[in-house]
Every structure is written in C-alpha cells, then in structure tokens.
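Undergrad: Contents are mmCIF, C-alpha atoms; file name protein21.cif:
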data_protein
loop_
_atom_site.group_PDB
_atom_site.id
_atom_site.type_symbol
_atom_site.label_atom_id
_atom_site.label_comp_id
_atom_site.auth_asym_id
_atom_site.auth_seq_id
_atom_site.Cartn_x
_atom_site.Cartn_y
_atom_site.Cartn_z
ATOM 1 C CA MET A 25 0.000 0.000 0.000
ATOM 2 C CA GLN A 26 1.419 3.371 -1.034
ATOM 3 C CA GLN A 27 1.250 6.293 1.379
ATOM 4 C CA THR A 28 1.063 9.832 0.167
ATOM 5 C CA THR A 29 2.700 12.627 2.064
ATOM 6 C CA ALA A 30 0.746 15.828 2.197
ATOM 7 C CA THR A 31 2.604 18.977 1.289
ATOM 8 C CA PRO A 32 2.563 21.308 4.262
ATOM 9 C CA THR A 33 0.619 24.509 3.804
ATOM 10 C CA ASN A 34 2.454 27.687 4.653
ATOM 11 C CA PHE A 35 0.475 30.669 5.817
ATOM 12 C CA LEU A 36 1.321 34.346 5.633
ATOM 13 C CA ARG A 37 0.015 36.952 8.043
ATOM 14 C CA LEU A 38 -0.838 40.479 6.933
ATOM 15 C CA PRO A 39 2.624 42.053 7.425
ATOM 16 C CA ASP A 40 4.228 39.408 5.202
ATOM 17 C CA VAL A 41 1.508 39.736 2.558
ATOM 18 C CA ARG A 42 2.038 43.495 2.521
ATOM 19 C CA LYS A 43 5.782 43.052 1.929
ATOM 20 C CA ILE A 44 5.295 40.579 -0.911
ATOM 21 C CA CYS A 45 2.796 42.932 -2.551
ATOM 22 C CA GLY A 46 5.209 45.853 -2.567
ATOM 23 C CA ASN A 47 4.698 47.344 0.886
ATOM 24 C CA VAL A 48 1.118 48.345 0.165
ATOM 25 C CA SER A 49 -1.083 49.426 3.035
ATOM 26 C CA ALA A 50 -3.144 47.010 5.077
ATOM 27 C CA ALA A 51 -6.257 48.759 3.770
ATOM 28 C CA THR A 52 -5.181 48.007 0.205
ATOM 29 C CA VAL A 53 -4.692 44.309 0.957
ATOM 30 C CA TRP A 54 -8.120 44.113 2.588
ATOM 31 C CA ALA A 55 -9.720 45.978 -0.335
ATOM 32 C CA TRP A 56 -8.112 43.595 -2.824
ATOM 33 C CA ALA A 57 -9.343 40.625 -0.792
ATOM 34 C CA LYS A 58 -12.846 42.075 -0.475
ATOM 35 C CA HIS A 59 -13.049 42.541 -4.254
ATOM 36 C CA SER A 60 -11.217 39.354 -5.165
ATOM 37 C CA ASP A 61 -13.682 38.660 -7.963
ATOM 38 C CA LYS A 62 -12.297 41.771 -9.742
ATOM 39 C CA THR A 63 -8.699 41.776 -8.467
ATOM 40 C CA GLY A 64 -7.994 38.053 -8.476
ATOM 41 C CA PHE A 65 -6.406 38.506 -5.053
ATOM 42 C CA PRO A 66 -6.681 35.421 -2.821
ATOM 43 C CA LYS A 67 -9.224 35.474 -0.045
ATOM 44 C CA PRO A 68 -7.856 35.172 3.488
ATOM 45 C CA ILE A 69 -8.287 32.062 5.589
ATOM 46 C CA LYS A 70 -9.647 32.314 9.105
ATOM 47 C CA LEU A 71 -7.353 30.093 11.182
ATOM 48 C CA SER A 72 -9.040 30.949 14.456
ATOM 49 C CA GLU A 73 -11.289 33.622 15.918
ATOM 50 C CA ASN A 74 -8.450 36.148 16.106
ATOM 51 C CA CYS A 75 -6.100 34.879 13.417
ATOM 52 C CA THR A 76 -6.433 35.457 9.679
ATOM 53 C CA ALA A 77 -3.806 34.467 7.147
ATOM 54 C CA TRP A 78 -3.325 33.781 3.461
ATOM 55 C CA ASN A 79 -2.064 30.645 1.770
ATOM 56 C CA ALA A 80 1.538 31.469 0.802
ATOM 57 C CA ALA A 81 1.314 29.595 -2.514
ATOM 58 C CA ASP A 82 -1.819 31.550 -3.486
ATOM 59 C CA ILE A 83 -0.150 34.892 -2.737
ATOM 60 C CA GLU A 84 2.981 33.920 -4.678
ATOM 61 C CA ALA A 85 0.898 32.763 -7.658
ATOM 62 C CA TRP A 86 -1.029 36.058 -7.612
ATOM 63 C CA ALA A 87 2.205 38.069 -7.481
ATOM 64 C CA GLN A 88 3.746 36.084 -10.361
ATOM 65 C CA ALA A 89 0.594 36.576 -12.430
ATOM 66 C CA ARG A 90 0.823 40.335 -11.854
ATOM 67 C CA VAL A 91 4.464 40.320 -13.009
ATOM 68 C CA ALA A 92 3.583 38.321 -16.125
ATOM 69 C CA GLU A 93 0.647 40.623 -16.918
ATOM 70 C CA SER A 94 2.803 43.721 -16.503
ATOM 71 C CA ARG A 95 5.532 42.334 -18.756
ATOM 72 C CA ALA A 96 3.001 41.332 -21.388
ATOM 73 C CA GLN A 97 1.554 44.859 -21.412
ATOM 74 C CA GLN A 98 5.018 46.384 -21.658
ATOM 75 C CA SER A 99 6.032 44.177 -24.558
ATOM 76 C CA GLY A 100 2.787 45.025 -26.340
ATOM 77 C CA LYS A 101 3.591 48.742 -26.174
ATOM 78 C CA ALA A 102 7.051 48.402 -27.700
#
In structure tokens, write the structure found in this file.
TA:
Amino acid sequence: MQQTTATPTNFLRLPDVRKICGNVSAATVWAWAKHSDKTGFPKPIKLSENCTAWNAADIEAWAQARVAESRAQQSGKA
C-alpha cells in the first residue's frame, strides 16, 4: 500500500503579505481581498477567531501573475 505525504501549507500573516505585494497598506490588501472577484487577489483564511492568514502559494501565484501581466503589457507597447 502506497502512502502519500501531504505537502505542508504555509500561511502568511498580513505584514508578510504586505511586503510581498510591494509594501502596500493594510487597507489596500483588505480591499483587494474584499473585491477578489475583480482583483484576483486570494481570499484570506480564518485560522481561528483572532487569526487570519493567506495561503503562501496563493499569494505567490497572484504576485507572479501580476508580473507576467505587466511584462506582457510592456512588450505590447514596444
């Protein structure tokens, strides 16, 4: 019988998310999350009553998508 090992999930709290996103304000992060249907920004995960975090892989994927989109727009203007 083959066992599968789950990949551990890493979480990021708000200060780390802000840094990854270019030192934007906390209000900006929350606005992006609130309007995730328009921004594509990942929704936060409630870990406990007083602890909210984001999945690190989701934040990284969002950031990489923003970089790719920006580069594609720049190359289209050349």
Undergrad: Please determine the residues with any atom at most 9 Å from (-7.6, 34.7, 6.2) (coordinates as given in the file, with all atoms listed in the file counting) and report them as a ChimeraX atom specification.
TA: /A:36-38,67-71,75-79
Undergrad: Neighbourhood query: residues within 12 Å of (-0.8, 39.4, -10.6), file coordinates, counting only C-alpha atoms; return as a list of chain:residue names.
TA: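 Within 12 Å of (-0.8, 39.4, -10.6), the protein and nucleic acid residues are A:Ile44, A:Cys45, A:Gly46, A:Trp56, A:Ser60, A:Lys62, A:Thr63, A:Gly64, A:Phe65, A:Pro66, A:Asp82, A:Ile83, A:Glu84, A:Ala85, A:Trp86, A:Ala87, A:Gln88, A:Ala89, A:Arg90, A:Val91, A:Ala92, A:Glu93, A:Ser94, A:Arg95, A:Ala96.
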Undergrad: Between atom CA of A:Ala81 and atom CA of A:Lys43, measure the distance and give it in Å to one decimal.
TA: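 Between atom CA of A:Ala81 and atom CA of A:Lys43 the gap is 14.9 Å.
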Undergrad: For a test of reading the model, state the distance in Å between atom CA of A:Ser72 and atom CA of A:Phe35, rounded to one decimal.
TA: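 Spanning atom CA of A:Ser72 to atom CA of A:Phe35 is a straight-line distance of 12.9 Å.
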Undergrad: State, in Å with one decimal place, the distance from atom CA of A:Glu73 to atom CA of A:Asp40.
TA: 19.7 Å
Undergrad: What would stretch 47-65 of chain A look like with N, CA and C atoms in place, written as a short mmCIF file (atom, residue, chain, number, x, y, z; two decimals), in the frame of the given file?
TA:
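Written out: selection05.cif:
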data_model
loop_
_atom_site.label_atom_id
_atom_site.label_comp_id
_atom_site.auth_asym_id
_atom_site.auth_seq_id
_atom_site.Cartn_x
_atom_site.Cartn_y
_atom_site.Cartn_z
N ASN A 47 4.89 46.44 -0.26
CA ASN A 47 4.70 47.34 0.89
C ASN A 47 3.46 48.22 0.75
N VAL A 48 2.39 47.63 0.24
CA VAL A 48 1.12 48.34 0.16
C VAL A 48 0.52 48.43 1.56
N SER A 49 -0.46 49.27 1.72
CA SER A 49 -1.08 49.43 3.04
C SER A 49 -1.96 48.22 3.36
N ALA A 50 -2.24 48.07 4.64
CA ALA A 50 -3.14 47.01 5.08
C ALA A 50 -4.52 47.21 4.45
N ALA A 51 -4.95 48.47 4.36
CA ALA A 51 -6.26 48.76 3.77
C ALA A 51 -6.32 48.30 2.32
N THR A 52 -5.22 48.45 1.60
CA THR A 52 -5.18 48.01 0.20
C THR A 52 -5.32 46.50 0.11
N VAL A 53 -4.60 45.77 0.96
CA VAL A 53 -4.69 44.31 0.96
C VAL A 53 -6.12 43.88 1.24
N TRP A 54 -6.75 44.48 2.25
CA TRP A 54 -8.12 44.11 2.59
C TRP A 54 -9.09 44.48 1.47
N ALA A 55 -8.86 45.60 0.79
CA ALA A 55 -9.72 45.98 -0.34
C ALA A 55 -9.57 44.98 -1.48
N TRP A 56 -8.32 44.60 -1.78
CA TRP A 56 -8.11 43.60 -2.82
C TRP A 56 -8.81 42.29 -2.48
N ALA A 57 -8.71 41.88 -1.22
CA ALA A 57 -9.34 40.62 -0.79
C ALA A 57 -10.86 40.73 -0.86
N LYS A 58 -11.39 41.88 -0.46
CA LYS A 58 -12.85 42.08 -0.48
C LYS A 58 -13.39 42.00 -1.90
N HIS A 59 -12.62 42.52 -2.86
CA HIS A 59 -13.05 42.54 -4.25
C HIS A 59 -12.27 41.53 -5.08
N SER A 60 -12.05 40.36 -4.51
CA SER A 60 -11.22 39.35 -5.16
C SER A 60 -11.79 38.89 -6.51
N ASP A 61 -13.10 39.03 -6.68
CA ASP A 61 -13.68 38.66 -7.96
C ASP A 61 -13.18 39.57 -9.08
N LYS A 62 -12.82 40.83 -8.75
CA LYS A 62 -12.30 41.77 -9.74
C LYS A 62 -10.77 41.79 -9.76
N THR A 63 -10.16 41.64 -8.58
CA THR A 63 -8.70 41.78 -8.47
C THR A 63 -7.96 40.46 -8.65
N GLY A 64 -8.65 39.36 -8.42
CA GLY A 64 -7.99 38.05 -8.48
C GLY A 64 -7.16 37.76 -7.24
N PHE A 65 -7.20 38.68 -6.27
CA PHE A 65 -6.41 38.51 -5.05
C PHE A 65 -7.01 37.39 -4.20
#
